[in-house]
file query13.tsv (TSV, N, CA and C atoms)
chain	number	residue	atom	x	y	z
A	1	MET	N	11.87	73.81	108.12
A	1	MET	CA	12.66	74.72	107.32
A	1	MET	C	11.70	75.54	106.47
A	2	PRO	N	11.71	76.86	106.61
A	2	PRO	CA	10.78	77.69	105.85
A	2	PRO	C	11.17	77.75	104.37
A	3	PHE	N	10.19	78.00	103.55
A	3	PHE	CA	10.40	78.09	102.11
A	3	PHE	C	11.05	79.43	101.76
A	4	ASP	N	12.10	79.40	100.98
A	4	ASP	CA	12.78	80.61	100.56
A	4	ASP	C	12.31	80.96	99.15
A	5	PHE	N	11.77	82.17	99.01
A	5	PHE	CA	11.20	82.62	97.74
A	5	PHE	C	12.26	82.64	96.64
A	6	PHE	N	13.49	83.01	96.98
A	6	PHE	CA	14.54	83.14	95.97
A	6	PHE	C	15.00	81.79	95.46
A	7	ASP	N	14.81	80.72	96.23
A	7	ASP	CA	15.10	79.39	95.72
A	7	ASP	C	14.16	79.06	94.57
A	8	GLY	N	12.92	79.48	94.67
A	8	GLY	CA	11.96	79.26	93.59
A	8	GLY	C	12.34	80.03	92.34
A	9	LEU	N	12.85	81.25	92.52
A	9	LEU	CA	13.30	82.01	91.36
A	9	LEU	C	14.51	81.37	90.70
A	10	GLY	N	15.40	80.80	91.48
A	10	GLY	CA	16.54	80.08	90.94
A	10	GLY	C	16.11	78.88	90.12
A	11	PHE	N	15.09	78.18	90.60
A	11	PHE	CA	14.56	77.04	89.85
A	11	PHE	C	13.96	77.49	88.53
A	12	ILE	N	13.25	78.61	88.54
A	12	ILE	CA	12.65	79.12	87.30
A	12	ILE	C	13.74	79.53	86.32
A	13	GLY	N	14.81	80.15	86.80
A	13	GLY	CA	15.92	80.51	85.93
A	13	GLY	C	16.60	79.29	85.33
A	14	ASP	N	16.81	78.24	86.15
A	14	ASP	CA	17.39	77.00	85.63
A	14	ASP	C	16.49	76.36	84.58
A	15	LEU	N	15.19	76.41	84.82
A	15	LEU	CA	14.24	75.85	83.87
A	15	LEU	C	14.27	76.61	82.55
A	16	LEU	N	14.35	77.94	82.61
A	16	LEU	CA	14.43	78.74	81.39
A	16	LEU	C	15.73	78.47	80.64
A	17	ASN	N	16.83	78.31	81.36
A	17	ASN	CA	18.10	77.98	80.71
A	17	ASN	C	18.04	76.62	80.04
A	18	PHE	N	17.39	75.66	80.70
A	18	PHE	CA	17.27	74.33	80.13
A	18	PHE	C	16.41	74.33	78.87
A	19	LEU	N	15.29	75.04	78.92
A	19	LEU	CA	14.40	75.09	77.77
A	19	LEU	C	14.98	75.91	76.63
A	20	GLY	N	15.81	76.88	76.94
A	20	GLY	CA	16.37	77.74	75.91
A	20	GLY	C	17.65	77.20	75.29
A	21	SER	N	18.23	76.16	75.87
A	21	SER	CA	19.49	75.64	75.34
A	21	SER	C	19.24	74.79	74.10
A	22	THR	N	20.21	74.79	73.19
A	22	THR	CA	20.09	74.00	71.98
A	22	THR	C	20.87	72.70	72.16
A	23	SER	N	20.49	71.72	71.42
A	23	SER	CA	21.16	70.42	71.54
A	23	SER	C	22.48	70.47	70.78
A	24	ASP	N	23.44	69.62	71.19
A	24	ASP	CA	24.74	69.56	70.55
A	24	ASP	C	24.69	68.87	69.20
A	25	SER	N	23.66	68.11	68.94
A	25	SER	CA	23.56	67.38	67.69
A	25	SER	C	23.04	68.25	66.55
A	26	GLU	N	22.78	69.49	66.82
A	26	GLU	CA	22.28	70.41	65.79
A	26	GLU	C	23.42	70.72	64.82
A	27	SER	N	23.13	70.69	63.55
A	27	SER	CA	24.17	70.92	62.55
A	27	SER	C	24.50	72.40	62.46
A	28	LEU	N	25.63	72.68	61.83
A	28	LEU	CA	26.09	74.06	61.71
A	28	LEU	C	25.14	74.88	60.84
A	29	GLY	N	24.58	74.28	59.81
A	29	GLY	CA	23.64	74.98	58.93
A	29	GLY	C	22.39	75.39	59.67
A	30	ASP	N	21.91	74.54	60.57
A	30	ASP	CA	20.73	74.88	61.36
A	30	ASP	C	21.01	76.03	62.32
A	31	LYS	N	22.21	76.06	62.87
A	31	LYS	CA	22.56	77.16	63.77
A	31	LYS	C	22.62	78.48	63.01
A	32	GLU	N	23.15	78.44	61.78
A	32	GLU	CA	23.20	79.66	60.98
A	32	GLU	C	21.80	80.14	60.61
A	33	LYS	N	20.90	79.20	60.32
A	33	LYS	CA	19.52	79.56	60.01
A	33	LYS	C	18.83	80.20	61.21
A	34	SER	N	19.04	79.61	62.39
A	34	SER	CA	18.41	80.18	63.58
A	34	SER	C	18.99	81.55	63.90
A	35	GLN	N	20.28	81.77	63.63
A	35	GLN	CA	20.86	83.09	63.85
A	35	GLN	C	20.31	84.10	62.85
A	36	LYS	N	20.07	83.68	61.60
A	36	LYS	CA	19.50	84.59	60.61
A	36	LYS	C	18.07	84.95	60.96
A	37	LYS	N	17.32	83.99	61.49
A	37	LYS	CA	15.94	84.27	61.88
A	37	LYS	C	15.90	85.28	63.02
A	38	SER	N	16.81	85.14	63.96
A	38	SER	CA	16.77	85.99	65.15
A	38	SER	C	17.65	87.24	65.01
A	39	LYS	N	18.09	87.55	63.80
A	39	LYS	CA	18.96	88.70	63.61
A	39	LYS	C	18.23	90.01	63.92
A	40	TYR	N	16.96	90.10	63.55
A	40	TYR	CA	16.20	91.32	63.74
A	40	TYR	C	15.11	91.17	64.79
A	41	ILE	N	15.32	90.30	65.76
A	41	ILE	CA	14.27	90.04	66.75
A	41	ILE	C	14.05	91.25	67.66
A	42	VAL	N	15.10	92.00	68.00
A	42	VAL	CA	14.95	93.17	68.85
A	42	VAL	C	14.15	94.25	68.12
A	43	GLU	N	14.46	94.45	66.84
A	43	GLU	CA	13.73	95.43	66.06
A	43	GLU	C	12.26	95.02	65.90
A	44	TRP	N	12.02	93.73	65.72
A	44	TRP	CA	10.65	93.25	65.56
A	44	TRP	C	9.84	93.49	66.83
A	45	TRP	N	10.39	93.14	67.99
A	45	TRP	CA	9.69	93.37	69.25
A	45	TRP	C	9.50	94.86	69.50
A	46	SER	N	10.51	95.66	69.20
A	46	SER	CA	10.41	97.10	69.42
A	46	SER	C	9.34	97.72	68.52
A	47	GLY	N	9.33	97.33	67.27
A	47	GLY	CA	8.32	97.85	66.35
A	47	GLY	C	6.92	97.43	66.74
A	48	SER	N	6.79	96.19	67.18
A	48	SER	CA	5.47	95.72	67.62
A	48	SER	C	4.97	96.48	68.84
A	49	LEU	N	5.86	96.70	69.79
A	49	LEU	CA	5.47	97.45	70.99
A	49	LEU	C	5.16	98.91	70.66
A	50	LEU	N	5.90	99.50	69.72
A	50	LEU	CA	5.61	100.88	69.32
A	50	LEU	C	4.26	100.97	68.62
A	51	LEU	N	3.94	99.99	67.78
A	51	LEU	CA	2.64	99.98	67.10
A	51	LEU	C	1.50	99.81	68.10
A	52	LEU	N	1.67	98.88	69.04
A	52	LEU	CA	0.64	98.68	70.07
A	52	LEU	C	0.47	99.91	70.95
A	53	SER	N	1.58	100.56	71.31
A	53	SER	CA	1.45	101.75	72.15
A	53	SER	C	0.80	102.90	71.38
A	54	ALA	N	1.06	103.02	70.08
A	54	ALA	CA	0.39	104.05	69.29
A	54	ALA	C	-1.11	103.81	69.24
A	55	ILE	N	-1.52	102.56	69.09
A	55	ILE	CA	-2.95	102.22	69.09
A	55	ILE	C	-3.58	102.53	70.45
A	56	LEU	N	-2.89	102.18	71.53
A	56	LEU	CA	-3.40	102.45	72.88
A	56	LEU	C	-3.48	103.95	73.15
A	57	PHE	N	-2.47	104.70	72.72
A	57	PHE	CA	-2.52	106.15	72.90
A	57	PHE	C	-3.69	106.76	72.11
A	58	PHE	N	-3.98	106.21	70.93
A	58	PHE	CA	-5.12	106.70	70.16
A	58	PHE	C	-6.41	106.48	70.92
A	59	PHE	N	-6.58	105.29	71.51
A	59	PHE	CA	-7.80	105.02	72.27
A	59	PHE	C	-7.92	105.92	73.50
A	60	VAL	N	-6.81	106.26	74.11
A	60	VAL	CA	-6.84	107.11	75.30
A	60	VAL	C	-7.15	108.56	74.94
A	61	PHE	N	-6.48	109.09	73.93
A	61	PHE	CA	-6.56	110.52	73.65
A	61	PHE	C	-7.58	110.89	72.57
A	62	LYS	N	-8.38	109.94	72.08
A	62	LYS	CA	-9.39	110.31	71.09
A	62	LYS	C	-10.53	111.11	71.73
A	63	ASP	N	-10.79	110.90	72.99
A	63	ASP	CA	-11.77	111.68	73.74
A	63	ASP	C	-11.01	112.75	74.53
A	64	PRO	N	-11.64	113.90	74.79
A	64	PRO	CA	-10.94	114.92	75.59
A	64	PRO	C	-10.72	114.43	77.03
A	65	LEU	N	-9.61	114.86	77.58
A	65	LEU	CA	-9.28	114.48	78.95
A	65	LEU	C	-10.14	115.26	79.93
A	66	PRO	N	-10.36	114.70	81.12
A	66	PRO	CA	-11.10	115.45	82.15
A	66	PRO	C	-10.35	116.74	82.51
A	67	THR	N	-11.10	117.77	82.82
A	67	THR	CA	-10.48	119.07	83.08
A	67	THR	C	-9.86	119.18	84.46
A	68	GLU	N	-10.26	118.36	85.40
A	68	GLU	CA	-9.72	118.45	86.76
A	68	GLU	C	-8.39	117.73	86.87
A	69	ASN	N	-7.35	118.45	87.21
A	69	ASN	CA	-6.02	117.90	87.51
A	69	ASN	C	-5.50	116.97	86.41
A	70	TYR	N	-5.70	117.32	85.16
A	70	TYR	CA	-5.27	116.42	84.10
A	70	TYR	C	-3.75	116.38	84.00
A	71	LEU	N	-3.06	117.47	84.26
A	71	LEU	CA	-1.60	117.48	84.21
A	71	LEU	C	-1.01	116.60	85.31
A	72	GLN	N	-1.56	116.69	86.51
A	72	GLN	CA	-1.10	115.85	87.62
A	72	GLN	C	-1.36	114.38	87.31
A	73	THR	N	-2.51	114.10	86.71
A	73	THR	CA	-2.85	112.72	86.36
A	73	THR	C	-1.88	112.19	85.31
A	74	LEU	N	-1.55	112.99	84.31
A	74	LEU	CA	-0.61	112.55	83.28
A	74	LEU	C	0.78	112.29	83.86
A	75	VAL	N	1.22	113.13	84.77
A	75	VAL	CA	2.54	112.94	85.38
A	75	VAL	C	2.57	111.68	86.25
A	76	VAL	N	1.54	111.47	87.05
A	76	VAL	CA	1.51	110.30	87.94
A	76	VAL	C	1.43	109.02	87.12
A	77	CYS	N	0.60	109.00	86.09
A	77	CYS	CA	0.49	107.80	85.24
A	77	CYS	C	1.80	107.54	84.50
A	78	SER	N	2.50	108.59	84.07
A	78	SER	CA	3.79	108.42	83.40
A	78	SER	C	4.83	107.84	84.36
A	79	ILE	N	4.84	108.32	85.59
A	79	ILE	CA	5.79	107.79	86.58
A	79	ILE	C	5.49	106.32	86.87
A	80	ILE	N	4.22	105.97	86.98
A	80	ILE	CA	3.86	104.57	87.21
A	80	ILE	C	4.31	103.71	86.03
A	81	GLY	N	4.14	104.20	84.81
A	81	GLY	CA	4.59	103.47	83.62
A	81	GLY	C	6.10	103.29	83.61
A	82	PHE	N	6.85	104.34	84.00
A	82	PHE	CA	8.30	104.22	84.09
A	82	PHE	C	8.71	103.18	85.12
A	83	VAL	N	8.07	103.16	86.25
A	83	VAL	CA	8.42	102.19	87.30
A	83	VAL	C	8.15	100.77	86.81
A	84	ILE	N	7.02	100.57	86.16
A	84	ILE	CA	6.69	99.23	85.63
A	84	ILE	C	7.73	98.80	84.60
A	85	SER	N	8.12	99.71	83.71
A	85	SER	CA	9.11	99.35	82.69
A	85	SER	C	10.47	99.06	83.32
A	86	PHE	N	10.85	99.80	84.36
A	86	PHE	CA	12.13	99.52	85.00
A	86	PHE	C	12.11	98.19	85.74
A	87	VAL	N	10.97	97.79	86.26
A	87	VAL	CA	10.85	96.45	86.85
A	87	VAL	C	11.02	95.38	85.78
A	88	VAL	N	10.46	95.62	84.60
A	88	VAL	CA	10.63	94.69	83.49
A	88	VAL	C	12.09	94.62	83.08
A	89	PHE	N	12.78	95.77	82.99
A	89	PHE	CA	14.20	95.78	82.64
A	89	PHE	C	15.03	95.03	83.68
A	90	PHE	N	14.70	95.22	84.95
A	90	PHE	CA	15.42	94.55	86.03
A	90	PHE	C	15.25	93.02	85.93
A	91	ALA	N	14.03	92.59	85.64
A	91	ALA	CA	13.78	91.15	85.49
A	91	ALA	C	14.51	90.59	84.27
A	92	LEU	N	14.48	91.32	83.16
A	92	LEU	CA	15.19	90.86	81.96
A	92	LEU	C	16.70	90.81	82.20
A	93	TYR	N	17.22	91.75	82.94
A	93	TYR	CA	18.65	91.77	83.24
A	93	TYR	C	19.05	90.55	84.08
A	94	HIS	N	18.23	90.21	85.05
A	94	HIS	CA	18.57	89.07	85.90
A	94	HIS	C	18.38	87.74	85.20
A	95	PHE	N	17.54	87.69	84.18
A	95	PHE	CA	17.40	86.47	83.38
A	95	PHE	C	18.45	86.42	82.28
A	96	GLY	N	19.26	87.46	82.14
A	96	GLY	CA	20.30	87.50	81.13
A	96	GLY	C	19.80	87.84	79.75
A	97	LEU	N	18.63	88.42	79.65
A	97	LEU	CA	18.04	88.74	78.35
A	97	LEU	C	18.18	90.21	77.98
A	98	TYR	N	18.74	91.01	78.84
A	98	TYR	CA	18.87	92.44	78.60
A	98	TYR	C	20.30	92.73	78.15
A	99	TYR	N	20.64	92.19	76.97
A	99	TYR	CA	21.97	92.38	76.41
A	99	TYR	C	21.81	92.79	74.95
A	100	PHE	N	22.44	93.87	74.55
A	100	PHE	CA	22.31	94.38	73.20
A	100	PHE	C	23.69	94.63	72.62
A	101	LYS	N	23.81	94.41	71.30
A	101	LYS	CA	25.10	94.59	70.64
A	101	LYS	C	25.35	96.04	70.22
A	102	SER	N	24.32	96.85	70.18
A	102	SER	CA	24.52	98.25	69.82
A	102	SER	C	23.64	99.14	70.71
A	103	ILE	N	24.06	100.37	70.84
A	103	ILE	CA	23.33	101.31	71.67
A	103	ILE	C	21.99	101.65	71.03
A	104	PHE	N	21.91	101.60	69.69
A	104	PHE	CA	20.65	101.88	69.00
A	104	PHE	C	19.59	100.85	69.38
A	105	LYS	N	19.97	99.57	69.40
A	105	LYS	CA	19.00	98.54	69.77
A	105	LYS	C	18.55	98.69	71.22
A	106	LEU	N	19.49	99.05	72.09
A	106	LEU	CA	19.16	99.27	73.50
A	106	LEU	C	18.16	100.41	73.65
A	107	LEU	N	18.43	101.53	73.00
A	107	LEU	CA	17.54	102.69	73.11
A	107	LEU	C	16.19	102.43	72.46
A	108	LEU	N	16.18	101.74	71.32
A	108	LEU	CA	14.92	101.44	70.64
A	108	LEU	C	14.04	100.53	71.48
A	109	PHE	N	14.63	99.47	72.02
A	109	PHE	CA	13.86	98.53	72.84
A	109	PHE	C	13.40	99.18	74.14
A	110	SER	N	14.29	99.89	74.81
A	110	SER	CA	13.94	100.53	76.08
A	110	SER	C	12.85	101.58	75.89
A	111	GLY	N	12.99	102.40	74.86
A	111	GLY	CA	11.98	103.41	74.59
A	111	GLY	C	10.63	102.81	74.26
A	112	SER	N	10.63	101.74	73.48
A	112	SER	CA	9.35	101.12	73.12
A	112	SER	C	8.69	100.46	74.33
A	113	VAL	N	9.46	99.85	75.21
A	113	VAL	CA	8.88	99.25	76.41
A	113	VAL	C	8.33	100.33	77.33
A	114	ILE	N	9.05	101.44	77.47
A	114	ILE	CA	8.58	102.54	78.32
A	114	ILE	C	7.29	103.12	77.76
A	115	LEU	N	7.25	103.38	76.46
A	115	LEU	CA	6.03	103.92	75.85
A	115	LEU	C	4.86	102.96	75.98
A	116	PHE	N	5.11	101.67	75.81
A	116	PHE	CA	4.04	100.69	75.92
A	116	PHE	C	3.50	100.63	77.34
A	117	SER	N	4.37	100.64	78.34
A	117	SER	CA	3.89	100.55	79.72
A	117	SER	C	3.14	101.83	80.12
A	118	VAL	N	3.60	102.99	79.67
A	118	VAL	CA	2.89	104.24	79.95
A	118	VAL	C	1.53	104.22	79.26
A	119	ALA	N	1.47	103.74	78.03
A	119	ALA	CA	0.19	103.67	77.31
A	119	ALA	C	-0.79	102.73	78.00
A	120	VAL	N	-0.30	101.61	78.51
A	120	VAL	CA	-1.18	100.67	79.21
A	120	VAL	C	-1.72	101.30	80.49
A	121	VAL	N	-0.87	102.00	81.23
A	121	VAL	CA	-1.32	102.67	82.46
A	121	VAL	C	-2.34	103.75	82.14
A	122	PHE	N	-2.09	104.54	81.09
A	122	PHE	CA	-3.07	105.55	80.67
A	122	PHE	C	-4.40	104.91	80.31
A	123	LEU	N	-4.36	103.84	79.53
A	123	LEU	CA	-5.59	103.18	79.11
A	123	LEU	C	-6.36	102.64	80.31
A	124	ILE	N	-5.67	102.01	81.23
A	124	ILE	CA	-6.34	101.47	82.42
A	124	ILE	C	-6.94	102.59	83.25
A	125	TYR	N	-6.21	103.68	83.42
A	125	TYR	CA	-6.70	104.76	84.27
A	125	TYR	C	-7.88	105.49	83.63
A	126	PHE	N	-7.74	105.90	82.39
A	126	PHE	CA	-8.77	106.72	81.78
A	126	PHE	C	-10.01	105.92	81.37
A	127	LYS	N	-9.85	104.66	81.05
A	127	LYS	CA	-11.03	103.86	80.67
A	127	LYS	C	-11.74	103.25	81.87
A	128	SER	N	-11.07	103.23	83.02
A	128	SER	CA	-11.72	102.68	84.20
A	128	SER	C	-12.68	103.68	84.84
A	129	GLY	N	-12.49	104.95	84.58
A	129	GLY	CA	-13.38	105.97	85.12
A	129	GLY	C	-13.09	106.35	86.56
A	130	ILE	N	-11.87	106.14	86.99
A	130	ILE	CA	-11.50	106.49	88.37
A	130	ILE	C	-11.47	107.98	88.54
call {"tool": "encode", "arguments": {"input": "query13.tsv", "output": "C-alpha cells"}}
result
Amino acid sequence: MPFDFFDGLGFIGDLLNFLGSTSDSESLGDKEKSQKKSKYIVEWWSGSLLLLSAILFFFVFKDPLPTENYLQTLVVCSIIGFVISFVVFFALYHFGLYYFKSIFKLLLFSGSVILFSVAVVFLIYFKSGI
C-alpha cells in the first residue's frame, strides 16, 4: 500500500488540534485571562511583520537598484511575494487559523504578510547578486 501524502497532513492537523486544545479542568478565571492575553494577538503579529518588512525594505533600497530591467525585476519579485503569501493564507485557512472577527483585522494581517513576503523576496534577490 503506497504512502498517501495527505494522510500525513491529516495527522499533523490532528496533532496541532491536540496540542492547541485546553483542558476541561481549567477554571473560568484562567480562560478569561488567556482571552485577555490573546485579544490583540492579530495586531501584535501584524505590527511585528510590518516592522520587519520596513527594516528589510530599508536594507534593499538603501543602495541604488541596478539600471538593467529594474522595473521588470520589481514586478516579478512582487508577484513571487504575492504567490508565497497566498500559499501561507491557504495553509492557514486549512488549519483553521485564518478567521478574523473584523474586516480591519483581516486587511491588516493580510497586508502585513504580503509586504513581509515581498520584502523577503526582494532581499533574497538583490542581496544574492543574481
call {"tool": "residues_near_point", "arguments": {"input": "query13.tsv", "point": "(-9.0, 104.2, 76.5)", "cutoff": "12 Å", "atoms": "only C-alpha atoms", "output": "JSON, numbers by chain"}}
result
{"A": [53, 54, 55, 56, 57, 58, 59, 60, 61, 62, 63, 64, 65, 119, 120, 121, 122, 123, 124, 125, 126, 127, 128, 129]}
call {"tool": "residues_around", "arguments": {"input": "query13.tsv", "residues": "Phe100 of chain A", "least_positions_apart": "2", "cutoff": "12 Å", "atoms": "only C-alpha atoms", "output": "number ranges by chain"}}
result
A: 39-43, 92-93, 96-98, 102-110
call {"tool": "atom_distance", "arguments": {"input": "query13.tsv", "atom1": "atom C of Ser117 of chain A", "atom2": "atom N of His94 of chain A"}}
result
19.7 Å
call {"tool": "atom_distance", "arguments": {"input": "query13.tsv", "atom1": "atom C of Phe89 of chain A", "atom2": "atom C of Val113 of chain A"}}
result
10.6 Å
call {"tool": "atom_distance", "arguments": {"input": "query13.tsv", "atom1": "atom CA of Tyr99 of chain A", "atom2": "atom CA of Gly111 of chain A"}}
result
15.0 Å
call {"tool": "decode", "arguments": {"input": "query13.tsv", "residues": "segment 28-130 of chain A", "atoms": "C-alpha atoms", "output": "short mmCIF file (atom, residue, chain, number, x, y, z; two decimals), in the first residue's frame"}}
result
data_model
loop_
_atom_site.label_atom_id
_atom_site.label_comp_id
_atom_site.auth_asym_id
_atom_site.auth_seq_id
_atom_site.Cartn_x
_atom_site.Cartn_y
_atom_site.Cartn_z
CA LEU A 28 -13.18 30.18 34.31
CA GLY A 29 -10.80 32.88 35.56
CA ASP A 30 -7.89 31.30 33.71
CA LYS A 31 -9.90 31.19 30.49
CA GLU A 32 -10.72 34.89 30.83
CA LYS A 33 -7.04 35.68 31.41
CA SER A 34 -6.00 33.73 28.33
CA GLN A 35 -8.65 35.52 26.28
CA LYS A 36 -7.41 38.91 27.52
CA LYS A 37 -3.84 37.99 26.63
CA SER A 38 -4.81 36.95 23.12
CA LYS A 39 -7.19 39.85 22.49
CA TYR A 40 -4.64 41.80 20.45
CA ILE A 41 -2.63 38.90 19.04
CA VAL A 42 -3.55 39.69 15.40
CA GLU A 43 -2.49 43.31 15.82
CA TRP A 44 0.74 42.24 17.50
CA TRP A 45 1.68 39.84 14.69
CA SER A 46 0.68 42.39 12.05
CA GLY A 47 2.71 45.15 13.65
CA SER A 48 5.72 42.89 14.04
CA LEU A 49 5.57 41.82 10.40
CA LEU A 50 5.18 45.44 9.27
CA LEU A 51 8.21 46.48 11.33
CA LEU A 52 10.29 43.60 9.96
CA SER A 53 9.24 44.35 6.39
CA ALA A 54 10.14 48.04 6.83
CA ILE A 55 13.61 47.03 8.04
CA LEU A 56 14.03 44.61 5.12
CA PHE A 57 12.87 47.23 2.61
CA PHE A 58 15.42 49.65 4.08
CA PHE A 59 18.22 47.12 3.55
CA VAL A 60 17.09 46.50 -0.03
CA PHE A 61 16.56 50.09 -1.15
CA LYS A 62 19.41 51.85 0.70
CA ASP A 63 21.66 51.15 -2.30
CA PRO A 64 20.59 52.17 -5.82
CA LEU A 65 18.95 49.46 -7.86
CA PRO A 66 20.68 48.06 -10.95
CA THR A 67 19.78 50.01 -14.07
CA GLU A 68 19.06 46.99 -16.28
CA ASN A 69 15.41 45.87 -16.24
CA TYR A 70 14.78 47.11 -12.71
CA LEU A 71 11.05 47.60 -13.32
CA GLN A 72 10.66 44.06 -14.64
CA THR A 73 12.64 42.75 -11.68
CA LEU A 74 10.44 44.63 -9.21
CA VAL A 75 7.26 43.30 -10.83
CA VAL A 76 8.48 39.68 -10.93
CA CYS A 77 9.70 39.78 -7.31
CA SER A 78 6.36 41.32 -6.22
CA ILE A 79 4.41 38.57 -7.98
CA ILE A 80 6.57 35.90 -6.34
CA GLY A 81 5.94 37.54 -2.95
CA PHE A 82 2.19 37.57 -3.59
CA VAL A 83 2.21 33.88 -4.52
CA ILE A 84 4.16 32.98 -1.39
CA SER A 85 1.76 34.95 0.80
CA PHE A 86 -1.28 33.33 -0.82
CA VAL A 87 0.22 29.91 -0.14
CA VAL A 88 0.59 30.95 3.51
CA PHE A 89 -3.05 32.14 3.57
CA PHE A 90 -4.18 28.85 2.02
CA ALA A 91 -2.29 26.84 4.65
CA LEU A 92 -3.66 28.99 7.49
CA TYR A 93 -7.18 28.59 6.12
CA HIS A 94 -6.91 24.81 6.04
CA PHE A 95 -5.54 24.72 9.58
CA GLY A 96 -8.50 26.85 10.67
CA LEU A 97 -6.33 29.79 11.72
CA TYR A 98 -7.44 32.26 9.05
CA TYR A 99 -10.52 33.55 10.85
CA PHE A 100 -10.99 37.19 11.83
CA LYS A 101 -13.78 38.95 13.69
CA SER A 102 -13.48 42.20 11.75
CA ILE A 103 -12.53 43.21 8.24
CA PHE A 104 -9.90 45.59 9.65
CA LYS A 105 -8.00 42.73 11.29
CA LEU A 106 -8.23 40.69 8.09
CA LEU A 107 -6.87 43.52 5.93
CA LEU A 108 -4.16 44.45 8.44
CA PHE A 109 -2.88 40.89 8.78
CA SER A 110 -3.13 40.11 5.06
CA GLY A 111 -1.39 43.31 4.06
CA SER A 112 1.41 42.81 6.55
CA VAL A 113 2.02 39.22 5.41
CA ILE A 114 2.06 40.30 1.76
CA LEU A 115 4.50 43.14 2.47
CA PHE A 116 6.73 40.85 4.52
CA SER A 117 6.88 38.15 1.85
CA VAL A 118 7.60 40.71 -0.90
CA ALA A 119 10.34 42.26 1.26
CA VAL A 120 11.93 38.85 1.86
CA VAL A 121 11.90 38.07 -1.88
CA PHE A 122 13.43 41.48 -2.65
CA LEU A 123 16.13 40.97 -0.03
CA ILE A 124 17.00 37.49 -1.30
CA TYR A 125 17.10 38.63 -4.92
CA PHE A 126 19.03 41.87 -4.57
CA LYS A 127 21.49 40.67 -1.93
CA SER A 128 22.26 37.43 -3.72
CA GLY A 129 23.66 39.27 -6.74
CA ILE A 130 21.74 37.31 -9.35
#
